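What follows is a short report on a single structure.
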Amino acid sequence: MTSAGARWLCGLAAQLMPPSRRAWATAMAAEIAHLGDAREARRFALGCLAAALAERCRDADTARRDGLWAVALVTAGFAVDRLSCAAHGLAVLGGAPDGMLAALMRHDPAAAEAYQAARPLVVAAFVALGIAQLLSAWFLSRGRLRDFAISAAAALVIATAAVAAQLAVVWTPETLPSEFHAGVVQLLALPALLAWSWHRRRAFEEDAP
Amino acid sequence: MPARRPSPQTLRVLAALLPRAGDWRHGYDLIGETGLASGTLYPVLMRLADQGLLEATWQPPQRPGAPPRHAYRLTQAGVAYALAAIAAAAAPRDDPGGVMA
């Protein structure tokens, strides 16, 4: 008689098994029904669980998806940061105190005027950039690379506009502006991930049994 | 055809399947014959099937109420591979990275 524990373990193994291997999970679960000894069935089911876990770790599609998710999470982090900047800007536009403006008024009244004029455009650009980055993260997590490429390109254009608007007023950056950080991460991580995933798939196909 | 030497576990599975290469065999029977755990046996079977060296089929249950059972046997390519792999494993290893037949 197959124990409930063994059947549960086999069910768990079926859940863990990558989609390309689901037929094997079914085969293992079916085999367990033909074992007479409950203890033997449990050992068999534990082995199935180990096999499913190993296949999941070895699965190129799973690794690729996890990698895309990781880049998506980082991108979403940048988006949240940008949207929080936009929220602060909207609060200032709504009348909240602005330390930057106060400082400019003291040291460079002309720049303060330009700063005030550019502020709505910069805030709008931050909102748009945050949304574009969130969309990029969403498309990455879904594996929709074409849609991601479009939204990432839009984010790059918006980031360039935001940086240009700020540079036109007061700001002279010594390092790469933070608007471009998400794009740099994507530019470095995604080609490496996709190339690695492709090589891993090829290695899997050519692997000896 | 795989380009690398098979693992010792794969050799045990091939050695178990080869003598009655035309017969369908079940996973649990192979566990008994090879001494491998199910967690080792099934990945080996998957790799062999991926390479076209093993074929699998669902067999109707032999007792009422039981589910169909998955059965395995070597393909023609699998028989050739098994013969070459077992012969190579028995031979002195003067070419560790050698290509199997």
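Within each chain, counting starts at residue 1; across the structure tokens, chains are named A, B, ... in the order shown, with ligands numbered 1 upward in that order.
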Within 8 Å of Ala6 (chain A), counting only C-alpha atoms, which residues qualify if same-chain residues fewer than 2 places away don't, as a ChimeraX atom specification?
-> /A:2-4,8-10,32,38,41-42,44-46
Could I get the residues of chain A with an atom no further than 10 Å from an atom of chain B, each paired with its nearest atom pair and that distance in Å to one decimal, using only C-alpha atoms, sorted by chain and residue number, as a tab-separated table?
```
residue	atom	partner	partner_atom	distance
A:Arg21	CA	B:Met46	CA	8.4
A:Ala23	CA	B:His70	CA	9.7
A:Trp24	CA	B:Met46	CA	7.7
A:Ala25	CA	B:Tyr42	CA	9.5
A:Thr26	CA	B:His70	CA	8.8
A:Ala27	CA	B:His70	CA	5.5
A:Met28	CA	B:Gly27	CA	7.9
A:Ala29	CA	B:Pro67	CA	9.3
A:Ala30	CA	B:Arg69	CA	5.9
A:Glu31	CA	B:Arg69	CA	6.1
A:Ile32	CA	B:Tyr28	CA	8.3
A:Ala33	CA	B:Ala66	CA	6.7
A:His34	CA	B:Ala66	CA	7.2
A:Leu35	CA	B:Tyr28	CA	7.9
A:Arg43	CA	B:Ser38	CA	8.2
A:Phe44	CA	B:Ser38	CA	5.6
A:Ala45	CA	B:Ser38	CA	7.8
A:Leu46	CA	B:Gly39	CA	7.5
A:Gly47	CA	B:Gly39	CA	3.7
A:Cys48	CA	B:Gly39	CA	5.2
A:Leu49	CA	B:Gly39	CA	7.2
A:Ala50	CA	B:Gly39	CA	5.4
A:Ala51	CA	B:Gly39	CA	4.5
A:Ala52	CA	B:Gly39	CA	8.1
A:Leu53	CA	B:Gly39	CA	9.5
A:Ala54	CA	B:Pro43	CA	8.4
A:Glu55	CA	B:Pro43	CA	7.6
A:Phe204	CA	B:Arg47	CA	9.3
A:Glu205	CA	B:Asp50	CA	7.7
A:Glu206	CA	B:Pro2	CA	6.4
A:Asp207	CA	B:Pro2	CA	6.4
A:Ala208	CA	B:Pro2	CA	4.7
A:Pro209	CA	B:Arg47	CA	4.6
```
Deliver the residues from the most recent selection as a file, using C-alpha atoms, as a PDB file, in the first residue's frame.
```
ATOM      1  CA  ARG A  21      10.058  17.108 -17.525  1.00  0.00           C
ATOM      2  CA  ALA A  23       5.899  13.535 -18.101  1.00  0.00           C
ATOM      3  CA  TRP A  24       8.726  12.050 -16.044  1.00  0.00           C
ATOM      4  CA  ALA A  25       7.133  13.252 -12.838  1.00  0.00           C
ATOM      5  CA  THR A  26       3.928  11.496 -13.906  1.00  0.00           C
ATOM      6  CA  ALA A  27       5.928   8.361 -14.647  1.00  0.00           C
ATOM      7  CA  MET A  28       7.530   8.401 -11.194  1.00  0.00           C
ATOM      8  CA  ALA A  29       4.207   9.025  -9.491  1.00  0.00           C
ATOM      9  CA  ALA A  30       2.649   6.141 -11.430  1.00  0.00           C
ATOM     10  CA  GLU A  31       5.516   3.824 -10.526  1.00  0.00           C
ATOM     11  CA  ILE A  32       5.041   4.447  -6.842  1.00  0.00           C
ATOM     12  CA  ALA A  33       1.533   3.033  -7.017  1.00  0.00           C
ATOM     13  CA  HIS A  34       3.052  -0.326  -7.966  1.00  0.00           C
ATOM     14  CA  LEU A  35       5.325  -0.594  -4.943  1.00  0.00           C
ATOM     15  CA  ARG A  43      12.349   6.014  -0.125  1.00  0.00           C
ATOM     16  CA  PHE A  44      11.333   5.963  -3.764  1.00  0.00           C
ATOM     17  CA  ALA A  45       9.332   9.172  -3.350  1.00  0.00           C
ATOM     18  CA  LEU A  46      12.232  10.927  -1.603  1.00  0.00           C
ATOM     19  CA  GLY A  47      14.423   9.965  -4.539  1.00  0.00           C
ATOM     20  CA  CYS A  48      11.826  11.393  -6.927  1.00  0.00           C
ATOM     21  CA  LEU A  49      11.871  14.627  -4.956  1.00  0.00           C
ATOM     22  CA  ALA A  50      15.677  14.786  -5.172  1.00  0.00           C
ATOM     23  CA  ALA A  51      15.517  14.095  -8.913  1.00  0.00           C
ATOM     24  CA  ALA A  52      12.927  16.814  -9.423  1.00  0.00           C
ATOM     25  CA  LEU A  53      14.990  19.304  -7.442  1.00  0.00           C
ATOM     26  CA  ALA A  54      18.125  18.446  -9.425  1.00  0.00           C
ATOM     27  CA  GLU A  55      16.256  18.803 -12.711  1.00  0.00           C
ATOM     28  CA  PHE A 204      22.488  20.467 -21.898  1.00  0.00           C
ATOM     29  CA  GLU A 205      21.581  19.225 -25.370  1.00  0.00           C
ATOM     30  CA  GLU A 206      25.092  17.925 -26.017  1.00  0.00           C
ATOM     31  CA  ASP A 207      25.593  16.508 -22.545  1.00  0.00           C
ATOM     32  CA  ALA A 208      26.402  12.871 -22.116  1.00  0.00           C
ATOM     33  CA  PRO A 209      23.842  10.894 -20.159  1.00  0.00           C
TER      34      PRO A 209
END
```
Do you have the CA of Leu188 (chain A)-CA of Ala86 (chain A) distance handy?
-> 26.3 Å
Residue with the minimum atom-to-atom distance to Val127 (chain A), picked from A:Asp37, A:Asp66, A:Asp81, A:Asp59 with only C-alpha atoms counted, is A:Asp81
Among the residues B:Leu54, B:Ala87, B:Ala82, B:Leu30, the one that comes closest to Leu18 (chain B) [using only C-alpha atoms] |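 The answer is B:Ala82, which sits nearest to Leu18 (chain B).
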Might you pull out every residue within 12 Å of Ala103 (chain A), with only C-alpha atoms counted and same-chain residues fewer than 6 positions away left off, and present them as a count of residues only?
-> 6
Could you check how far CA of Gln186 (chain A) sits from CA of Trp198 (chain A), in Å to one decimal?
->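 One can read the CA of Gln186 (chain A) to CA of Trp198 (chain A) distance as 17.5 Å.
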Residue nearest Ala159 (chain A) - candidates A:Leu104, A:Ala118, A:Ala182, A:Leu140, atoms counted: only C-alpha atoms =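 Once distances to Ala159 (chain A) are computed over only C-alpha atoms, the minimum belongs to A:Ala182.
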Nearby residues (only C-alpha atoms) at most 10 Å from Ala161 (chain A), same-chain spacing under 5 positions excluded, as number ranges by chain | A: 121-122, 125-126, 129, 155-156, 166-167, 179
Would you kindly return, as a list in words, each protein, DNA or RNA residue with an atom no farther than 6 Å from any atom of Tyr72 (chain B), considering only C-alpha atoms and excluding same-chain residues fewer than 3 positions away?
-> Trp24, Arg25, Glu55 and Ala56 of chain B
CA of Thr62 (chain A) and CA of Pro19 (chain A) are how many Å apart?
->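 Atom-to-atom, CA of Thr62 (chain A) and CA of Pro19 (chain A) are spaced 9.5 Å apart.
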